[in-house]
2 protein chains.
Amino acid sequence: MARLDTRQQILDLAEELIRSKGYNSFSYHEISHTLGVKNAAVHYHFPTKEVLGLEVIRSAIQRFKDFKEETASLSLEEQLDAFIQTYSINSENDKVCLVGAISVEFYGLPENMTNVMKGLTRLIHDWVTNLLAMGKAEGMFAFDMKPETKATMIITNLAAGVQIARLMGNETFSDLIKGIKTDLGLNK
Amino acid sequence: MARLDTRQQILDLAEELIRSKGYNSFSYHEISHTLGVKNAAVHYHFPTKEVLGLEVIRSAIQRFKDFKEETASLSLEEQLDAFIQTYSINSENDKVCLVGAISVEFYGLPENMTNVMKGLTRLIHDWVTNLLAMGKAEGMFAFDMKPETKATMIITNLAAGVQIARLMGNETFSDLIKGIKTDLGLNK
DNA sequence: GTCTATACCTTGATAGAC
DNA sequence: GTCTATCAAGGTATAGAC
């Protein structure tokens, strides 16, 4: 049985590794060995590790754009739930988000990567800000500050929520989600 | 002029490096070169990198215990401010906190390190929980959930706040602090 | 598109002189 | 306590055959 798309497999595994150990903690050997190909095959698809890292971020940008389109017709509360869902963790999957992974290693990464990552972060923050602003206007979400600020609060809750879950357990994360909703005046 | 305490200098620099690039992004060579000593000198004080990482975390535990003692006589709001202050960033200092740094690289670190880190995280979380519980009882802080949950919310705001500031700018962080206080019913 | 083979550098770590 | 010297292992990356 032939490999369908080695390039895509490498890309998916690289993202998984970045989000579980960090960019500087995995090697081309780990990727090639896991996928059952050779080191050189990985270099064929992604000539340098920086290119691989960049493509991981670019594909995440595309994925977020798809997410926006796919959820655009949902209610605002459903959109918020769908967004929270993208962070969700269970015992087999406790990857942190890219924003957290890249920002923690920030000064150990190629500048190209951090620059592209800034774009993704803005994209996410703008979308959440807009969602909250609309929700507040509709009387769906309640909060007493700029929607930009509330967006930062929710994004940081989620980003560090998946991180701290590794140190304190997954219940801490599910508990946190309830707190976010309570502070938005949901959970009534 | 003799070096006063090489061991302490190594320890401080190692923490700085972990919090700016991550544990797997710095080397013994970077430490020795920066401090103007040789590789072997670093190994004399910290025989393995794992021991060095462990000592960084242990010294952070001691520092937090000192912080508790030093702030114990302050008002609850002053204690909260002092805690927030430990995360504070400016243009020369935008190190992330140890909780974030260690949790992001979690699966790329020696288990010994992550285990000791769990202790520090509990220590911090318990202290914040207690602070919030007392503050609520006193009518100083207002929130509609378990103090444990609110503690997780504030800690994740701060931990990811310093991270996201690297991608969005420091104003995002100062704005976030205002949001935290607003949600606690302060900032009136 | 994947392989073998290899080059070259950096890494963490050790032995032994001073 | 710091040095010189050195090591084995692992890292990214490339050349060229299939």
# chains A, B, ... in the order shown; residues from 1 in each chain; ligands from 1
call {"tool": "residues_around", "arguments": {"residues": "A:Leu167", "least_positions_apart": "4", "cutoff": "12 Å", "atoms": "only C-alpha atoms (C1' of nucleotides)", "output": "PyMOL selection string"}}
result
(chain A and resi 94+160-163+171-173) or (chain B and resi 98-107+111+113-125)
call {"tool": "interface_residues", "arguments": {"of": "chain C", "to": "chain B", "cutoff": "9 Å", "atoms": "only C-alpha atoms (C1' of nucleotides)", "output": "ChimeraX atom specification"}}
result
/C:11-14
call {"tool": "interface_residues", "arguments": {"of": "chain D", "to": "chain B", "cutoff": "12 Å", "atoms": "only C-alpha atoms (C1' of nucleotides)", "output": "PyMOL selection string"}}
result
chain D and resi 1-6
call {"tool": "write_last_selection", "arguments": {"atoms": "N, CA, C and O atoms (P, O5', C5', C4', C3', O3' and C1' of nucleotides)", "output": "JSON list (two decimals), in the first residue's frame"}}
result
[["chain", "number", "residue", "atom", "x", "y", "z"],
["D", 1, "DG", "P", 33.96, 25.66, 44.73],
["D", 1, "DG", "O5'", 34.84, 26.06, 43.47],
["D", 1, "DG", "C5'", 35.39, 27.36, 43.46],
["D", 1, "DG", "C4'", 36.13, 27.51, 42.18],
["D", 1, "DG", "C3'", 35.27, 27.37, 40.92],
["D", 1, "DG", "O3'", 35.49, 28.53, 40.17],
["D", 1, "DG", "C1'", 37.21, 26.02, 40.75],
["D", 2, "DT", "P", 34.72, 28.96, 38.92],
["D", 2, "DT", "O5'", 35.70, 28.71, 37.69],
["D", 2, "DT", "C5'", 36.98, 29.37, 37.65],
["D", 2, "DT", "C4'", 37.91, 28.63, 36.73],
["D", 2, "DT", "C3'", 37.36, 28.35, 35.33],
["D", 2, "DT", "O3'", 37.90, 29.28, 34.41],
["D", 2, "DT", "C1'", 38.70, 26.56, 36.20],
["D", 3, "DC", "P", 37.71, 29.09, 32.82],
["D", 3, "DC", "O5'", 38.89, 28.12, 32.38],
["D", 3, "DC", "C5'", 40.24, 28.59, 32.41],
["D", 3, "DC", "C4'", 41.20, 27.46, 32.10],
["D", 3, "DC", "C3'", 41.00, 26.83, 30.73],
["D", 3, "DC", "O3'", 41.83, 27.48, 29.78],
["D", 3, "DC", "C1'", 41.31, 25.16, 32.44],
["D", 4, "DT", "P", 41.63, 27.16, 28.24],
["D", 4, "DT", "O5'", 42.35, 25.75, 28.04],
["D", 4, "DT", "C5'", 43.74, 25.57, 28.30],
["D", 4, "DT", "C4'", 44.15, 24.16, 27.89],
["D", 4, "DT", "C3'", 43.82, 23.82, 26.44],
["D", 4, "DT", "O3'", 44.89, 23.04, 25.89],
["D", 4, "DT", "C1'", 42.70, 22.30, 27.88],
["D", 5, "DA", "P", 44.96, 22.73, 24.31],
["D", 5, "DA", "O5'", 44.44, 21.22, 24.29],
["D", 5, "DA", "C5'", 44.76, 20.33, 25.35],
["D", 5, "DA", "C4'", 43.92, 19.07, 25.20],
["D", 5, "DA", "C3'", 43.46, 18.79, 23.77],
["D", 5, "DA", "O3'", 43.85, 17.48, 23.41],
["D", 5, "DA", "C1'", 41.63, 18.66, 25.27],
["D", 6, "DT", "P", 43.70, 16.93, 21.88],
["D", 6, "DT", "O5'", 42.49, 15.92, 22.09],
["D", 6, "DT", "C5'", 42.37, 15.23, 23.35],
["D", 6, "DT", "C4'", 40.95, 14.71, 23.49],
["D", 6, "DT", "C3'", 40.31, 14.29, 22.17],
["D", 6, "DT", "O3'", 40.23, 12.88, 22.14],
["D", 6, "DT", "C1'", 38.78, 15.39, 23.63]]
call {"tool": "atom_distance", "arguments": {"atom1": "atom CA of B:Val96", "atom2": "atom CA of A:Met153"}}
result
16.6 Å
call {"tool": "atom_distance", "arguments": {"atom1": "atom C1' of D:DA17", "atom2": "atom CA of A:Gly36"}}
result
20.4 Å
call {"tool": "closest_residue", "arguments": {"among": "B:Pro147, B:Gly53, B:Gly169, B:Gly108", "to": "chain A", "atoms": "only C-alpha atoms"}}
result
B:Gly108
call {"tool": "decode", "arguments": {"residues": "stretch 4-16 of chain D", "atoms": "N, CA, C and O atoms (P, O5', C5', C4', C3', O3' and C1' of nucleotides)", "output": "mmCIF file, in the first residue's frame"}}
result
data_model
loop_
_atom_site.group_PDB
_atom_site.id
_atom_site.type_symbol
_atom_site.label_atom_id
_atom_site.label_comp_id
_atom_site.auth_asym_id
_atom_site.auth_seq_id
_atom_site.Cartn_x
_atom_site.Cartn_y
_atom_site.Cartn_z
ATOM 1 P P DT D 4 41.627 27.162 28.236
ATOM 2 O "O5'" DT D 4 42.348 25.749 28.043
ATOM 3 C "C5'" DT D 4 43.736 25.569 28.300
ATOM 4 C "C4'" DT D 4 44.147 24.165 27.890
ATOM 5 C "C3'" DT D 4 43.820 23.818 26.442
ATOM 6 O "O3'" DT D 4 44.889 23.041 25.894
ATOM 7 C "C1'" DT D 4 42.704 22.304 27.878
ATOM 8 P P DA D 5 44.958 22.726 24.306
ATOM 9 O "O5'" DA D 5 44.443 21.224 24.286
ATOM 10 C "C5'" DA D 5 44.760 20.332 25.348
ATOM 11 C "C4'" DA D 5 43.922 19.071 25.200
ATOM 12 C "C3'" DA D 5 43.463 18.785 23.769
ATOM 13 O "O3'" DA D 5 43.850 17.476 23.414
ATOM 14 C "C1'" DA D 5 41.631 18.657 25.267
ATOM 15 P P DT D 6 43.698 16.925 21.882
ATOM 16 O "O5'" DT D 6 42.489 15.919 22.093
ATOM 17 C "C5'" DT D 6 42.373 15.231 23.345
ATOM 18 C "C4'" DT D 6 40.954 14.712 23.491
ATOM 19 C "C3'" DT D 6 40.313 14.291 22.172
ATOM 20 O "O3'" DT D 6 40.232 12.883 22.137
ATOM 21 C "C1'" DT D 6 38.781 15.388 23.632
ATOM 22 P P DC D 7 39.683 12.110 20.853
ATOM 23 O "O5'" DC D 7 38.249 11.643 21.368
ATOM 24 C "C5'" DC D 7 38.118 11.147 22.707
ATOM 25 C "C4'" DC D 7 36.642 10.933 23.013
ATOM 26 C "C3'" DC D 7 35.881 10.464 21.793
ATOM 27 O "O3'" DC D 7 35.507 9.107 21.975
ATOM 28 C "C1'" DC D 7 34.759 12.310 22.918
ATOM 29 P P DA D 8 35.080 8.251 20.714
ATOM 30 O "O5'" DA D 8 33.521 8.105 20.989
ATOM 31 C "C5'" DA D 8 33.046 8.041 22.348
ATOM 32 C "C4'" DA D 8 31.556 8.306 22.355
ATOM 33 C "C3'" DA D 8 30.816 7.677 21.180
ATOM 34 O "O3'" DA D 8 29.571 7.209 21.649
ATOM 35 C "C1'" DA D 8 30.534 10.028 21.125
ATOM 36 P P DA D 9 28.557 6.538 20.620
ATOM 37 O "O5'" DA D 9 27.444 7.699 20.543
ATOM 38 C "C5'" DA D 9 27.113 8.412 21.734
ATOM 39 C "C4'" DA D 9 26.076 9.464 21.416
ATOM 40 C "C3'" DA D 9 25.077 9.049 20.328
ATOM 41 O "O3'" DA D 9 23.786 9.394 20.759
ATOM 42 C "C1'" DA D 9 26.136 11.081 19.724
ATOM 43 P P DG D 10 22.518 8.988 19.876
ATOM 44 O "O5'" DG D 10 22.090 10.395 19.269
ATOM 45 C "C5'" DG D 10 21.876 11.501 20.148
ATOM 46 C "C4'" DG D 10 21.833 12.764 19.308
ATOM 47 C "C3'" DG D 10 20.852 12.669 18.142
ATOM 48 O "O3'" DG D 10 19.816 13.633 18.361
ATOM 49 C "C1'" DG D 10 22.974 13.553 17.460
ATOM 50 P P DG D 11 18.742 14.024 17.268
ATOM 51 O "O5'" DG D 11 19.436 15.263 16.544
ATOM 52 C "C5'" DG D 11 19.318 16.564 17.109
ATOM 53 C "C4'" DG D 11 19.930 17.565 16.160
ATOM 54 C "C3'" DG D 11 19.304 17.538 14.761
ATOM 55 O "O3'" DG D 11 18.238 18.457 14.696
ATOM 56 C "C1'" DG D 11 21.698 17.556 14.643
ATOM 57 P P DT D 12 17.324 18.471 13.385
ATOM 58 O "O5'" DT D 12 18.194 19.224 12.285
ATOM 59 C "C5'" DT D 12 18.620 20.552 12.518
ATOM 60 C "C4'" DT D 12 19.494 21.002 11.358
ATOM 61 C "C3'" DT D 12 18.773 21.057 10.014
ATOM 62 O "O3'" DT D 12 19.089 22.285 9.370
ATOM 63 C "C1'" DT D 12 20.714 19.695 9.835
ATOM 64 P P DA D 13 18.373 22.673 7.944
ATOM 65 O "O5'" DA D 13 19.338 21.993 6.886
ATOM 66 C "C5'" DA D 13 20.698 22.403 6.845
ATOM 67 C "C4'" DA D 13 21.458 21.519 5.871
ATOM 68 C "C3'" DA D 13 20.785 21.351 4.506
ATOM 69 O "O3'" DA D 13 21.530 22.076 3.536
ATOM 70 C "C1'" DA D 13 21.763 19.315 5.317
ATOM 71 P P DT D 14 21.068 22.130 1.988
ATOM 72 O "O5'" DT D 14 21.995 21.036 1.322
ATOM 73 C "C5'" DT D 14 23.393 21.045 1.614
ATOM 74 C "C4'" DT D 14 24.088 19.934 0.847
ATOM 75 C "C3'" DT D 14 23.608 19.745 -0.597
ATOM 76 O "O3'" DT D 14 24.765 19.672 -1.432
ATOM 77 C "C1'" DT D 14 23.542 17.684 0.567
ATOM 78 P P DA D 15 24.615 19.670 -3.028
ATOM 79 O "O5'" DA D 15 25.170 18.223 -3.406
ATOM 80 C "C5'" DA D 15 26.270 17.666 -2.691
ATOM 81 C "C4'" DA D 15 26.656 16.349 -3.329
ATOM 82 C "C3'" DA D 15 26.290 16.212 -4.800
ATOM 83 O "O3'" DA D 15 27.292 15.441 -5.455
ATOM 84 C "C1'" DA D 15 25.068 14.609 -3.545
ATOM 85 P P DG D 16 27.227 15.265 -7.079
ATOM 86 O "O5'" DG D 16 26.612 13.801 -7.195
ATOM 87 C "C5'" DG D 16 27.185 12.745 -6.430
ATOM 88 C "C4'" DG D 16 26.307 11.509 -6.564
ATOM 89 C "C3'" DG D 16 25.731 11.293 -7.978
ATOM 90 O "O3'" DG D 16 25.730 9.893 -8.222
ATOM 91 C "C1'" DG D 16 23.998 11.311 -6.438
#
